[in-house]
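Please read the structure below before turning to the comments.
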Amino acid sequence: MGFWVQIRPEILKQLREDYPPGTKVELIEMIGEPRKDMVPGLRGEVLFVDDAGQTHIRWQNNSTLACIHGVDRFHKAND
């Protein structure tokens, strides 16, 4: 399954401000991901937000899957 989302420049700017590299995050839900180790509560660290608005994250399970804005759900971790 693939997703293609066009993101408005002001939303992209806000995402980059909200999730700079190094931000700790926690996964709520990753839509359509077949990997069984991408579970709610998994934590990670933001690597960068790309031009499509995908937030690239290094997860605790050593995955570097990106979350797609408007599709997947995650939030800043309370550390």
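Letters for chains follow the order of the structure tokens (A, B, ...), residue numbers begin at 1 for each chain, and ligand numbers begin at 1 in the order shown.
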As a list of chain:residue names, list the residues of chain A assigned to alpha helix (DSSP H) by DSSP on the backbone atoms of this structure. A:Pro9, A:Glu10, A:Ile11, A:Leu12, A:Lys13, A:Gln14, A:Leu15, A:Arg16, A:Glu17, A:Asp18
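Counting only C-alpha atoms, Tyr19 in chain A has the following residues at most 10 Å away, ignoring those fewer than 3 positions along the same chain: Gln14, Leu15, Arg16, Gly22, Thr23, Lys24, Val25, Glu45, Val46, Leu47, Phe48, Val49, Thr55, His56, His75 and Lys76 of chain A.
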Contacts of Ile28 in chain A at 7 Å (only C-alpha atoms; same-chain gap of 5+ positions) as a list in words: Pro40, Gly41, Arg73 and Phe74 of chain A
Restricting the output to C-alpha atoms, write the selected residues as an mmCIF file, in the first residue's frame.
data_model
loop_
_atom_site.group_PDB
_atom_site.id
_atom_site.type_symbol
_atom_site.label_atom_id
_atom_site.label_comp_id
_atom_site.auth_asym_id
_atom_site.auth_seq_id
_atom_site.Cartn_x
_atom_site.Cartn_y
_atom_site.Cartn_z
ATOM 1 C CA PRO A 40 1.879 1.621 19.841
ATOM 2 C CA GLY A 41 4.151 3.001 22.541
ATOM 3 C CA ARG A 73 0.030 9.095 14.359
ATOM 4 C CA PHE A 74 2.761 9.876 16.871
#
Residue with smallest distance to Met38 in chain A - pool A:Glu17, A:Ser63, A:Arg58, A:His69, counting only C-alpha atoms: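 When distances to Met38 in chain A are compared using only C-alpha atoms, the smallest one comes from A:Ser63.
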What gap, in Å, lies between CA of Glu33 in chain A and CA of Gly53 in chain A? 17.9 Å
Determine the nearest neighbour of Trp59 in chain A from the options A:Asp79, A:Asp72, A:Pro9, A:Leu27, counting only C-alpha atoms.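 Comparing A:Asp79, A:Asp72, A:Pro9, A:Leu27 against Trp59 in chain A, the winner is A:Leu27.
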Which residue gives the smallest distance to Ile31 in chain A among A:Ile68, A:Ala52, A:Leu12, A:Ala77, with only C-alpha atoms counted?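 Smallest separation from Ile31 in chain A among the options: A:Ile68.
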Test item, strand (DSSP E) assignment across chain A, answer as a list of chain:residue names: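 Taking chain A and keeping strand (DSSP E) only, one gets A:Lys24, A:Val25, A:Glu26, A:Leu27, A:Ile28, A:Glu29, A:Arg43, A:Gly44, A:Glu45, A:Val46, A:Leu47, A:Phe48, A:Val49, A:Gln54, A:Thr55, A:His56, A:Ile57, A:Arg58, A:Trp59, A:Ala66, A:Cys67, A:Ile68, A:Arg73, A:Phe74, A:His75, A:Lys76.
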For the residues in that selection, give me N, CA, C and O atoms as an mmCIF file, in the first residue's frame.
data_model
loop_
_atom_site.group_PDB
_atom_site.id
_atom_site.type_symbol
_atom_site.label_atom_id
_atom_site.label_comp_id
_atom_site.auth_asym_id
_atom_site.auth_seq_id
_atom_site.Cartn_x
_atom_site.Cartn_y
_atom_site.Cartn_z
ATOM 1 N N LYS A 24 12.328 13.545 20.857
ATOM 2 C CA LYS A 24 11.881 12.207 21.267
ATOM 3 C C LYS A 24 10.386 12.080 20.989
ATOM 4 O O LYS A 24 9.611 12.974 21.340
ATOM 5 N N VAL A 25 10.002 10.978 20.351
ATOM 6 C CA VAL A 25 8.602 10.761 19.990
ATOM 7 C C VAL A 25 8.148 9.363 20.394
ATOM 8 O O VAL A 25 8.966 8.483 20.666
ATOM 9 N N GLU A 26 6.827 9.192 20.408
ATOM 10 C CA GLU A 26 6.213 7.901 20.718
ATOM 11 C C GLU A 26 5.158 7.602 19.667
ATOM 12 O O GLU A 26 4.340 8.456 19.329
ATOM 13 N N LEU A 27 5.169 6.381 19.164
ATOM 14 C CA LEU A 27 4.232 5.950 18.132
ATOM 15 C C LEU A 27 2.853 5.681 18.732
ATOM 16 O O LEU A 27 2.732 5.036 19.778
ATOM 17 N N ILE A 28 1.830 6.198 18.065
ATOM 18 C CA ILE A 28 0.450 5.886 18.427
ATOM 19 C C ILE A 28 -0.077 4.832 17.460
ATOM 20 O O ILE A 28 -0.609 3.804 17.870
ATOM 21 N N GLU A 29 0.086 5.095 16.155
ATOM 22 C CA GLU A 29 -0.420 4.166 15.139
ATOM 23 C C GLU A 29 0.292 4.418 13.816
ATOM 24 O O GLU A 29 0.449 5.565 13.403
ATOM 25 N N ARG A 43 9.106 3.997 21.029
ATOM 26 C CA ARG A 43 9.714 5.326 21.078
ATOM 27 C C ARG A 43 10.841 5.446 20.077
ATOM 28 O O ARG A 43 11.413 4.456 19.650
ATOM 29 N N GLY A 44 11.117 6.697 19.727
ATOM 30 C CA GLY A 44 12.195 6.952 18.790
ATOM 31 C C GLY A 44 12.657 8.390 18.860
ATOM 32 O O GLY A 44 12.175 9.179 19.676
ATOM 33 N N GLU A 45 13.604 8.715 17.969
ATOM 34 C CA GLU A 45 14.184 10.055 17.906
ATOM 35 C C GLU A 45 14.119 10.551 16.468
ATOM 36 O O GLU A 45 14.518 9.846 15.535
ATOM 37 N N VAL A 46 13.609 11.760 16.286
ATOM 38 C CA VAL A 46 13.470 12.350 14.958
ATOM 39 C C VAL A 46 14.850 12.567 14.338
ATOM 40 O O VAL A 46 15.761 13.111 14.978
ATOM 41 N N LEU A 47 14.968 12.138 13.071
ATOM 42 C CA LEU A 47 16.170 12.388 12.288
ATOM 43 C C LEU A 47 16.003 13.671 11.481
ATOM 44 O O LEU A 47 16.880 14.521 11.481
ATOM 45 N N PHE A 48 14.851 13.788 10.772
ATOM 46 C CA PHE A 48 14.545 14.985 9.974
ATOM 47 C C PHE A 48 13.136 14.877 9.425
ATOM 48 O O PHE A 48 12.530 13.799 9.436
ATOM 49 N N VAL A 49 12.602 16.001 8.948
ATOM 50 C CA VAL A 49 11.323 16.038 8.229
ATOM 51 C C VAL A 49 11.670 16.348 6.778
ATOM 52 O O VAL A 49 12.314 17.367 6.490
ATOM 53 N N GLN A 54 7.185 13.914 5.589
ATOM 54 C CA GLN A 54 7.391 12.659 6.306
ATOM 55 C C GLN A 54 8.430 12.889 7.396
ATOM 56 O O GLN A 54 9.498 13.445 7.124
ATOM 57 N N THR A 55 8.120 12.460 8.606
ATOM 58 C CA THR A 55 9.042 12.606 9.721
ATOM 59 C C THR A 55 9.835 11.313 9.845
ATOM 60 O O THR A 55 9.276 10.262 10.169
ATOM 61 N N HIS A 56 11.118 11.402 9.559
ATOM 62 C CA HIS A 56 11.997 10.232 9.614
ATOM 63 C C HIS A 56 12.498 10.066 11.035
ATOM 64 O O HIS A 56 12.985 11.019 11.648
ATOM 65 N N ILE A 57 12.346 8.833 11.542
ATOM 66 C CA ILE A 57 12.594 8.554 12.956
ATOM 67 C C ILE A 57 13.449 7.300 13.093
ATOM 68 O O ILE A 57 13.222 6.313 12.394
ATOM 69 N N ARG A 58 14.422 7.358 14.003
ATOM 70 C CA ARG A 58 15.163 6.149 14.376
ATOM 71 C C ARG A 58 14.446 5.585 15.603
ATOM 72 O O ARG A 58 14.434 6.197 16.669
ATOM 73 N N TRP A 59 13.820 4.421 15.417
ATOM 74 C CA TRP A 59 13.011 3.803 16.464
ATOM 75 C C TRP A 59 13.863 2.928 17.378
ATOM 76 O O TRP A 59 14.940 2.472 16.990
ATOM 77 N N ALA A 66 9.700 6.173 8.400
ATOM 78 C CA ALA A 66 9.148 7.525 8.534
ATOM 79 C C ALA A 66 7.652 7.454 8.842
ATOM 80 O O ALA A 66 6.968 6.529 8.407
ATOM 81 N N CYS A 67 7.170 8.450 9.572
ATOM 82 C CA CYS A 67 5.736 8.620 9.781
ATOM 83 C C CYS A 67 5.240 9.651 8.771
ATOM 84 O O CYS A 67 5.895 10.669 8.534
ATOM 85 N N ILE A 68 4.093 9.374 8.176
ATOM 86 C CA ILE A 68 3.530 10.233 7.147
ATOM 87 C C ILE A 68 2.499 11.160 7.777
ATOM 88 O O ILE A 68 1.526 10.700 8.391
ATOM 89 N N ARG A 73 0.211 8.271 13.162
ATOM 90 C CA ARG A 73 0.030 9.095 14.359
ATOM 91 C C ARG A 73 1.154 8.841 15.361
ATOM 92 O O ARG A 73 1.456 7.689 15.674
ATOM 93 N N PHE A 74 1.730 9.929 15.836
ATOM 94 C CA PHE A 74 2.761 9.876 16.871
ATOM 95 C C PHE A 74 2.729 11.219 17.608
ATOM 96 O O PHE A 74 2.081 12.157 17.174
ATOM 97 N N HIS A 75 3.397 11.274 18.740
ATOM 98 C CA HIS A 75 3.456 12.535 19.492
ATOM 99 C C HIS A 75 4.800 12.613 20.197
ATOM 100 O O HIS A 75 5.541 11.631 20.279
ATOM 101 N N LYS A 76 5.107 13.808 20.707
ATOM 102 C CA LYS A 76 6.334 13.980 21.469
ATOM 103 C C LYS A 76 6.252 13.120 22.721
ATOM 104 O O LYS A 76 5.202 13.038 23.360
#
